[in-house]
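K.L.:
Structure incoming, see below.
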Amino acid sequence: TSKDLTATRRLKANTSKDLNHDIIAVYAYQNGYFTTEQKRKFERQDVVKAVEQHFLNNDISYQLKCPEQSMLDEIYNVSLKGEEWYFSIVENNNQGKNVNGLTEIQLEDFNVDWKKTVDAKTFCAVDVEEVFKNQQWKGFFRNLV
């Protein structure tokens with residue numbers, strides 16, 4: 001049944017990887033916070049790990065930049081169309097027949113998942129300009145050895 005398929009899809013749902021530490025490391029690299037020697041010495045994943053450890057060890061938080069509501073509405077509509085397409089294929093055993101819309105339960109499940117995603121700030125990313133207003137970060141990258 002479609003309810004079983006929905007439950008199965010949730011179990012296999014993609015989890016998002018937090019890229020904020022990577023974003024900070026790349027911003028620092030692109031904006032001259034690394035010396036030439038540091039650029040030669042460190043690989044990206046090493047710097048990302050160091051940034052992550054710095055956050056954890058110093059209980060640092062950072063501001064996020066989130067999309068405006070109009071952008072979230074666009075993402076919602078595209079995501080909903082993808083969900084409708086998926087269920088039209090699955091419910092017709094991949095025969096390519098088009099089924100219009102989702103059932104009431106499927107739409108409710110989609111909206112619950114959407115709300116959780118938005119509330120978790122999944123579409124937001126670190127505001128690197130705010131991060132680098134903090135002198136501690138400038139010193140962190142200068143002292144990275």
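Ordering of the structure tokens sets the chain letters (A, B, ...); residue numbers start at 1 within each chain; ligands are numbered from 1 in the order shown.
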Against segment 116-127 of chain A, which residues of segment 16-73 of chain A fall within 12 Å? For each one I want the closest pair of atoms and the distance in Å (one decimal), counting only C-alpha atoms, rows by chain and increasing residue number, as a tab-separated table.

P.N.:
```
residue	atom	partner	partner_atom	distance
A:Ser16	CA	A:Thr122	CA	7.7
A:Lys17	CA	A:Thr122	CA	9.6
A:Asp18	CA	A:Ala125	CA	8.8
A:Leu19	CA	A:Ala125	CA	7.9
A:Asn20	CA	A:Val126	CA	5.5
A:His21	CA	A:Val126	CA	8.4
A:Asp22	CA	A:Val126	CA	9.9
A:Ile23	CA	A:Val126	CA	7.4
A:Ile24	CA	A:Val126	CA	7.7
A:Ala25	CA	A:Val126	CA	11.4
A:Tyr27	CA	A:Asp127	CA	10.5
A:Ser61	CA	A:Val126	CA	9.8
A:Tyr62	CA	A:Val126	CA	6.7
A:Gln63	CA	A:Asp127	CA	5.6
A:Leu64	CA	A:Val126	CA	4.4
A:Lys65	CA	A:Asp127	CA	5.3
A:Cys66	CA	A:Cys124	CA	4.2
A:Pro67	CA	A:Cys124	CA	6.7
A:Glu68	CA	A:Cys124	CA	10.1
A:Gln69	CA	A:Val118	CA	10.5
A:Met71	CA	A:Phe123	CA	10.0
A:Leu72	CA	A:Phe123	CA	8.3
A:Asp73	CA	A:Val118	CA	10.9
```

K.L.:
Could you list, as a list in words, every residue within 12 Å of Glu43 of chain A, counting only C-alpha atoms and ignoring same-chain residues fewer than 4 positions away?

P.N.:
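Near Glu43 of chain A, the qualifying residues are Asp22, Ala25, Val26, Tyr29, Glu37, Gln38, Lys39, Val47, Val48, Lys49 and Ala50 of chain A.
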
K.L.:
Would you mind exporting the chosen residues as a PDB file, in the first residue's frame, restricted to N, CA, C and O atoms?

P.N.:
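Saved to again_28.pdb:
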```
ATOM      1  N   ASP A  22      33.002  23.167   6.433  1.00  0.00           N
ATOM      2  CA  ASP A  22      33.654  23.208   5.127  1.00  0.00           C
ATOM      3  C   ASP A  22      33.505  24.595   4.510  1.00  0.00           C
ATOM      4  O   ASP A  22      34.465  25.148   3.945  1.00  0.00           O
ATOM      5  N   ALA A  25      35.970  26.905   6.134  1.00  0.00           N
ATOM      6  CA  ALA A  25      37.342  26.632   5.686  1.00  0.00           C
ATOM      7  C   ALA A  25      37.585  27.177   4.278  1.00  0.00           C
ATOM      8  O   ALA A  25      38.615  27.801   4.010  1.00  0.00           O
ATOM      9  N   VAL A  26      36.643  26.972   3.380  1.00  0.00           N
ATOM     10  CA  VAL A  26      36.792  27.450   1.998  1.00  0.00           C
ATOM     11  C   VAL A  26      36.802  28.974   1.973  1.00  0.00           C
ATOM     12  O   VAL A  26      37.622  29.582   1.271  1.00  0.00           O
ATOM     13  N   TYR A  29      40.160  30.192   3.083  1.00  0.00           N
ATOM     14  CA  TYR A  29      41.154  29.960   2.038  1.00  0.00           C
ATOM     15  C   TYR A  29      41.026  31.003   0.928  1.00  0.00           C
ATOM     16  O   TYR A  29      42.018  31.598   0.491  1.00  0.00           O
ATOM     17  N   GLU A  37      52.459  29.068   2.904  1.00  0.00           N
ATOM     18  CA  GLU A  37      52.965  27.816   3.489  1.00  0.00           C
ATOM     19  C   GLU A  37      51.807  26.932   3.959  1.00  0.00           C
ATOM     20  O   GLU A  37      51.817  25.721   3.740  1.00  0.00           O
ATOM     21  N   GLN A  38      50.828  27.532   4.594  1.00  0.00           N
ATOM     22  CA  GLN A  38      49.673  26.760   5.055  1.00  0.00           C
ATOM     23  C   GLN A  38      48.905  26.157   3.872  1.00  0.00           C
ATOM     24  O   GLN A  38      48.447  25.026   3.944  1.00  0.00           O
ATOM     25  N   LYS A  39      48.789  26.908   2.797  1.00  0.00           N
ATOM     26  CA  LYS A  39      48.065  26.410   1.619  1.00  0.00           C
ATOM     27  C   LYS A  39      48.740  25.161   1.051  1.00  0.00           C
ATOM     28  O   LYS A  39      48.072  24.264   0.568  1.00  0.00           O
ATOM     29  N   VAL A  47      41.697  20.836   7.284  1.00  0.00           N
ATOM     30  CA  VAL A  47      41.256  22.149   7.755  1.00  0.00           C
ATOM     31  C   VAL A  47      39.815  22.067   8.258  1.00  0.00           C
ATOM     32  O   VAL A  47      39.482  22.622   9.304  1.00  0.00           O
ATOM     33  N   VAL A  48      38.963  21.361   7.537  1.00  0.00           N
ATOM     34  CA  VAL A  48      37.560  21.206   7.958  1.00  0.00           C
ATOM     35  C   VAL A  48      37.493  20.546   9.330  1.00  0.00           C
ATOM     36  O   VAL A  48      36.743  20.992  10.216  1.00  0.00           O
ATOM     37  N   LYS A  49      38.298  19.517   9.543  1.00  0.00           N
ATOM     38  CA  LYS A  49      38.325  18.852  10.859  1.00  0.00           C
ATOM     39  C   LYS A  49      38.811  19.801  11.943  1.00  0.00           C
ATOM     40  O   LYS A  49      38.288  19.810  13.056  1.00  0.00           O
ATOM     41  N   ALA A  50      39.802  20.595  11.628  1.00  0.00           N
ATOM     42  CA  ALA A  50      40.321  21.560  12.611  1.00  0.00           C
ATOM     43  C   ALA A  50      39.258  22.601  12.958  1.00  0.00           C
ATOM     44  O   ALA A  50      39.089  22.965  14.132  1.00  0.00           O
TER      45      ALA A  50
END
```

K.L.:
Extract the full set of strand (DSSP E) residues from chain A according to DSSP on the backbone, and format it as a list in words.

P.N.:
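Here is the list: Leu64, Lys65, Ala125 and Val126 of chain A.
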
K.L.:
Take atom CA of Glu129 of chain A and atom CA of Tyr76 of chain A and report the distance between them in Å, one decimal.

P.N.:
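Separation of atom CA of Glu129 of chain A and atom CA of Tyr76 of chain A: 27.6 Å.
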
K.L.:
Give me every alpha helix (DSSP H) residue in segment 18-78 of chain A, going by DSSP on the backbone, as number ranges by chain.

P.N.:
A: 20-30, 36-41, 44-58, 69-78

K.L.:
What's the separation between atom CA of Asn58 of chain A and atom CA of Gln45 of chain A, in Å to one decimal place?

P.N.:
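Computing the Euclidean distance for atom CA of Asn58 of chain A and atom CA of Gln45 of chain A yields 19.9 Å.
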
K.L.:
Rounded to one decimal place, report the atom CA of Ile75 of chain A-atom CA of Glu130 of chain A distance in Å.

P.N.:
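For atom CA of Ile75 of chain A relative to atom CA of Glu130 of chain A, the distance reads 25.7 Å.
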